[in-house]
Structure formats: structure tokens, C-alpha cells
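> First, the structure itself, so that you have it in front of you.
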Amino acid sequence: MTAIGAKASEAGASSRTAQMWDQANWSRIQAEVKRLQVRIAKATQEGRWGKVQALQRLLTRSHSGKMLAVKRVTENRGKRTPGVDGKIWSSPAARRNGMMSLRHRGYRAMPLRRVYIPKSNGKKRPLGIPCMRCRAMQALWKLALDPVAETLADPNSYGFRSERSTADAIEQCFTTLAKRASPAWILEGDIRGCFDSFSHPWLLEHVPMDKAVLQRWLQAGYIDGGTLFETSAGTPQGGIISPVIANMALDGLEAAVYASVGSSKLARSKAQLNVVRYADDFVVTGATKEVLEFKVLPAVRQFLAVRGLELSEEKTQITNIAEGFDFLGQNVRKYGGKLLIKPARKSVKALLDKVREIIKGSASVTQEALIQKLNPVIRGWAMYHRHVVAKASFSSIDSHIWRMLWKWASRRHPMKGARWVRNRYFRADGHRSWDFATKGQVVTNTSRCRLFRAMTVPITRHVKIRGLANPFDPVWTTYFVHRRTTKDSVKLFGATLWC
């Protein structure tokens, strides 16, 4: 065969491979994977661990499971971020070939690429970026591990779980603390370096999956600055399967807290113990400070120590509900016996700092371009806080942002007066005459680009998910269909009126 013929044959094979990926029946693939996941959840409920292992093996070696795993890692936010090998699966042919490479026999995990992202306290959080093949293998095993994790999970664990969110955790805080007879003392817990400190022997013994594959992930190491480092503890923060493993390691915290005051329901009721956890952040309520300090706190420390973890002393504290505490970007506090949950000051400051940074870095851009940069930031923050007492915060934020934009507009035209600046950058909208918007008009068929105002987002009460709800249990199918329908009916405010 000539070189030209070989190239033509290779191109034809690549074209056929790409066509096979593009023509995949994703509805059938998802249904097949979900059927196996339901069977895994049922076997877990019945305690048939041999059956669980067999079904996991069937799922992780199935064509549908591999296709769905590759689809996830090539369509999420990190799809263009390569690992240490510098490869990404951007074309349909590469995705199909990547799916065919997901074989367990001879599989070796490659080291992770270490990157650092800034934290709110000025420090940096290390992230490990796996290569595409390892990422897809983790996504494949996540499909097999999720049904087990959801079935065994603590009822009040809300982080990194399907159908659950921070809004559920905050609503549980309200349910627990809003009444007059509710507990008055709060233990705020934070685990130091949670993902970097998990005990490998504990994970290998207790995580129900292929031990050889798990061990390869845990001991893959990472490359930082061109140097290979070993990993003797922890699970890579940045890996797709890491949140599931972390949740499974921390499940049982509720039982440990309740057991700290005795085995009877009366003792737990008297102590008023409740646990709300989101990933490695958690709060525990108690009737008295002494119960939390001398009974619950030692039990939590012992629970974590077995898993190679410890509490962060500077972030772990016991506070009274009258003083309030911050949790997941919200401030939870009682004012004269009435519980109010508001956006935390740190969260408000972080938003305004980000907006200020965007405006300062946009001195030479057009008004429309600036609005397009700001609107997703403001809208996203407002939508996150729309379930709490946030109207006053929304109004304050709109005022602060308006003042920033007025300075931005005035500095662009130092030789113009205030009236000229107003006519150039601000428009009338009903009773409002100071909307930051472009000059678009309907008669000329040009759209007007307007700054999103947080005040336009209505406050709506979030309906918390039921504690025992399991998306892999057919008993809860009707419940989740109704819940998703209700969520889908919520309009993304500003999606059509603003840029």
C-alpha cells in the first residue's frame, strides 16, 4: 500500500470512528446504566456485598458505562484541561478511541498535574489534574460507586451528592434552629486538609470497589514543578471520584455524634443533637455548651482520627445562636428569639471585590462588554442567596455597584459634566431613571444591554429534600420527578431582559 493509500485508509477509519460516537443512542445508554445502578442500590440495601461487587464489575466493563464516563469528562468544565500527558479528547474520534482504551487489565494510573488555586484566606488550595484516561476511569467507577454511597449516606449530608445542594443544608439549619425550644449552642466544625489527609489503609479497607484500581489512584503521586512526589495519604482533590470517596469516609459522623450522649433516644432528645454536613464543613447543635465541648467534640475527634483526619483548631468553635455563625456563605443568627438567615458579610465583600476588580480591569472596554462581564457574576450570586433574607443585601449591593459604575463612567470622560455622563450611560426604566444600560431601541431593531440588578430576584423559600430520598431507589422515582419539574419551572431571572 502506498503512503497516500495508507493516509486515506487512516482518515476513513477515523471518520467511521467519529460517526460511531456521533450516532450513539444516549437515551438507551443512560437507561442501561441507570438499570444497573438501581440493582446495585437494591443489593446494598439488602447487604448482599457479593452481588454489589458483581454488578459493579458488570457496569464498569459495559459499553454503556464507558460511553457515559467519556461523555462526562469531555463535556464538563475541565474538558480542555490536560493532565501530565498534555492530551485532551476534543474530537468525536478521540472520544471513541478513549472509550475503547478503558480496560482494567494492564491499567496504570499516571501521576497528577499539581496546580494551585487561591483561597479566601489568602492561602492556596492544591488541586490534582488527572490525565484524560484516568479521569474517564474515575468517572466510570463513580457510576458504580454512587448507588452504594447514596444508599449508605447520612440523612443530613448534602455536599457533592446528586439532587442535593447548599440550599438544602441551609434549610435544614433553619428547620433545626428556628423554633423557640430549638438548641441554642452550635459546634462549627472544619476538617484540616480533608482531601489531603485521608488514611489510605482505611480507604482501601472500607470503600467498596476494586481495591487494585483504588490503590493505583491513591498512590499515583503528582508532578509539581517537574518533580514527581509520592502520595502517602489523601485522595486527589480535583479527581472526579474524590468527592464520593470523601463522603463515604465521613458518613457515620451523625451516628458518632448521637452515640456520644448514649444509645437511648431520650438522651439524644435531651441533648438536642443535630448534625448538618456539607462535604468537610459541618455544624452540630446542642442544648448546652458543656454537651458539645465535653461529649460531642471528643467523639468527633475520635471518629476523624481513625480516618487520618483532624479538626482545624482555628476554624472549629462553639458559639451561641444569639451570636450567630457563618455556614456555606450564609449567616445564621437569632435576633430577639427570631432566626434570620442572611448572606454572610464575607460573601458580600467577596462579590463586591470581584465586581470592583472587573470594573477596574475594564477601563477601555465598551459599556456593553462591561455589562456582559458583570451580569453573570451578579446574577449567579443573587440566585444563590435567593432563598434567605437577602433583600436588604441585594439593595445594598446594587447601590455599591452603581457607585462603582458612576466613577467608571466619569473617569472615561473627565472633560464632560454629570448630565452628559448620565445621558451617555444611564437610561430610564419606568420609575427608575438611572439604569446602567446601552442606547438600544426597538424601532431600530437594536437590543438594549442592561446591567442586572440583584433586587429583581424575588425571595423564594427552598423546599428541602427528604433526608432518606435516594435517586437510585425506584420507590422515590415519583418524588424526584415532581421535584425536578418544580425546579425546572423556576425562571433564570434576567436571562432575556439583560445581557
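Lettering and numbering for the C-alpha cells are positional, with chains as A, B, ... in the shown order, residues counted from 1 in each chain, and ligands counted from 1 in the shown order.
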Check the DSSP output for the backbone and give back, as a VMD selection string, the residues of range 23-226 of chain A in strand (DSSP E or B).
chain A and resid 112 to 118 124 to 129 157 185 to 191 222 to 224
> Using only C-alpha atoms, find each residue of range 59-169 of chain A with at least one atom at most 12 Å away from an atom of range 195-204 of chain A; report its shortest atom-to-atom pair and that distance in Å (one decimal), sort the rows by chain and rising residue number, and return the result as JSON lines.

{"residue": "A:Arg125", "atom": "CA", "partner": "A:Asp196", "partner_atom": "CA", "distance": 10.3}
{"residue": "A:Pro126", "atom": "CA", "partner": "A:Asp196", "partner_atom": "CA", "distance": 9.0}
{"residue": "A:Leu127", "atom": "CA", "partner": "A:Phe195", "partner_atom": "CA", "distance": 9.9}
{"residue": "A:Gly128", "atom": "CA", "partner": "A:Asp196", "partner_atom": "CA", "distance": 10.6}
> Identify all residues of range 271-319 of chain A in helix (DSSP H, G or I) (DSSP on the backbone) and supply them as a VMD selection string.
chain A and resid 271 289 to 306
> Pick out the residues sitting within 10 Å of Ala418 in chain A, and hand them over as a ChimeraX atom specification; count only C-alpha atoms, and ignore anything fewer than 5 positions along from it in its own chain.
/A:406,409-410,413,423-424
> When you look at range 172-181 of chain A with a cut-off of 9 Å (counting only C-alpha atoms), what residues show up, excluding the ones that are within fewer than 6 positions of it in the same chain? I need them as a short mmCIF file (atom, residue, chain, number, x, y, z; two decimals) with C-alpha atoms, in the first residue's frame.

data_model
loop_
_atom_site.label_atom_id
_atom_site.label_comp_id
_atom_site.auth_asym_id
_atom_site.auth_seq_id
_atom_site.Cartn_x
_atom_site.Cartn_y
_atom_site.Cartn_z
CA ASN A 156 -28.19 15.22 56.64
CA ASN A 274 -28.48 17.56 65.21
CA VAL A 276 -25.77 19.21 59.20
CA VAL A 283 -22.34 22.04 62.31
CA THR A 285 -26.34 21.64 67.57
CA ILE A 321 -27.12 31.08 68.26
CA VAL A 332 -27.38 32.08 60.73
CA LYS A 334 -31.29 34.66 66.20
CA GLY A 337 -35.57 34.90 69.55
CA LYS A 338 -36.30 35.08 65.80
CA LEU A 339 -33.98 33.18 63.47
CA LEU A 340 -32.83 35.07 60.39
CA ILE A 341 -30.51 33.67 57.74
CA LYS A 464 -35.62 20.82 51.46
#
> Residues near Val284 in chain A, anyone? I mean within 9 Å using only C-alpha atoms, not counting same-chain ones fewer than 3 positions away, as a list in words.
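Non-adjacent residues within range: Trp185, Ile186, Leu187, Glu188, Gly189, Val257, Leu273, Asn274, Val275, Val276, Arg277, Leu292 and Val296 of chain A.
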> Calculate how many Å separate CA of Arg96 in chain A from CA of Met132 in chain A, rounding to one decimal.
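Here the two named atoms are 12.7 Å from each other.
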> Please indicate the distance in Å from CA of Asn331 in chain A to CA of Arg345 in chain A, rounded to one decimal place.
7.9 Å
> Return the single residue from A:Leu59, A:Ile241, A:Met67, A:Cys131 that is closest to Ser27 in chain A, with distances computed using only C-alpha atoms.
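Closest to Ser27 in chain A of all the choices is A:Met67.
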> From the options A:Ala184, A:Asp251, A:Ser347, A:Leu143, which residue's atoms come nearest to Lys289 in chain A, counting only C-alpha atoms?
A:Ala184
> Counting only C-alpha atoms, give me one row per residue of range 125-213 of chain A with an atom at most 8 Å from an atom of range 448-463 of chain A, showing the shortest contact pair and its distance in Å to one decimal, sorted by chain then residue number, as a tab-separated table.

residue	atom	partner	partner_atom	distance
A:Ala167	CA	A:His462	CA	6.8
A:Asp168	CA	A:His462	CA	7.5
A:Glu171	CA	A:His462	CA	7.0
> Figure out the distance between CA of Leu328 in chain A and CA of His387 in chain A, please, to one decimal in Å.
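Between these atoms lies a distance of 12.9 Å.
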> May I have the residues within 9 Å of Gln53 in chain A as a list in words, using only C-alpha atoms and disregarding those fewer than 3 positions away in the same chain?
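Answer for this query is Ile40, Arg48, Trp49, Gly50, Gln56, Arg57, Leu58, Pro208, Met209 and Asp210 of chain A.
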> Give me the residues within 10 Å of range 104-114 of chain A as a ChimeraX atom specification, counting only C-alpha atoms and dropping any in the same chain fewer than 5 places off.
/A:60-61,82-86,126-135,137,210,212-226,228-231,236-239
> Counting only C-alpha atoms, which residue out of A:Leu152, A:Pro118, A:Arg77, A:Asn97 sits closest to Leu468 in chain A?
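Under the stated criterion, the closest residue is A:Leu152.
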> Given only C-alpha atoms as the basis, pick out the residue of A:Lys439, A:Val52, A:Ser182, A:Thr316 nearest to Arg427 in chain A.
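Looking at the shortest contact to Arg427 in chain A, the residue is A:Lys439.
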> In terms of the shortest atom-to-atom distance over only C-alpha atoms, which of A:Pro471, A:Asp429, A:Pro92, A:Pro147 is closest to Gln23 in chain A?
A:Pro92
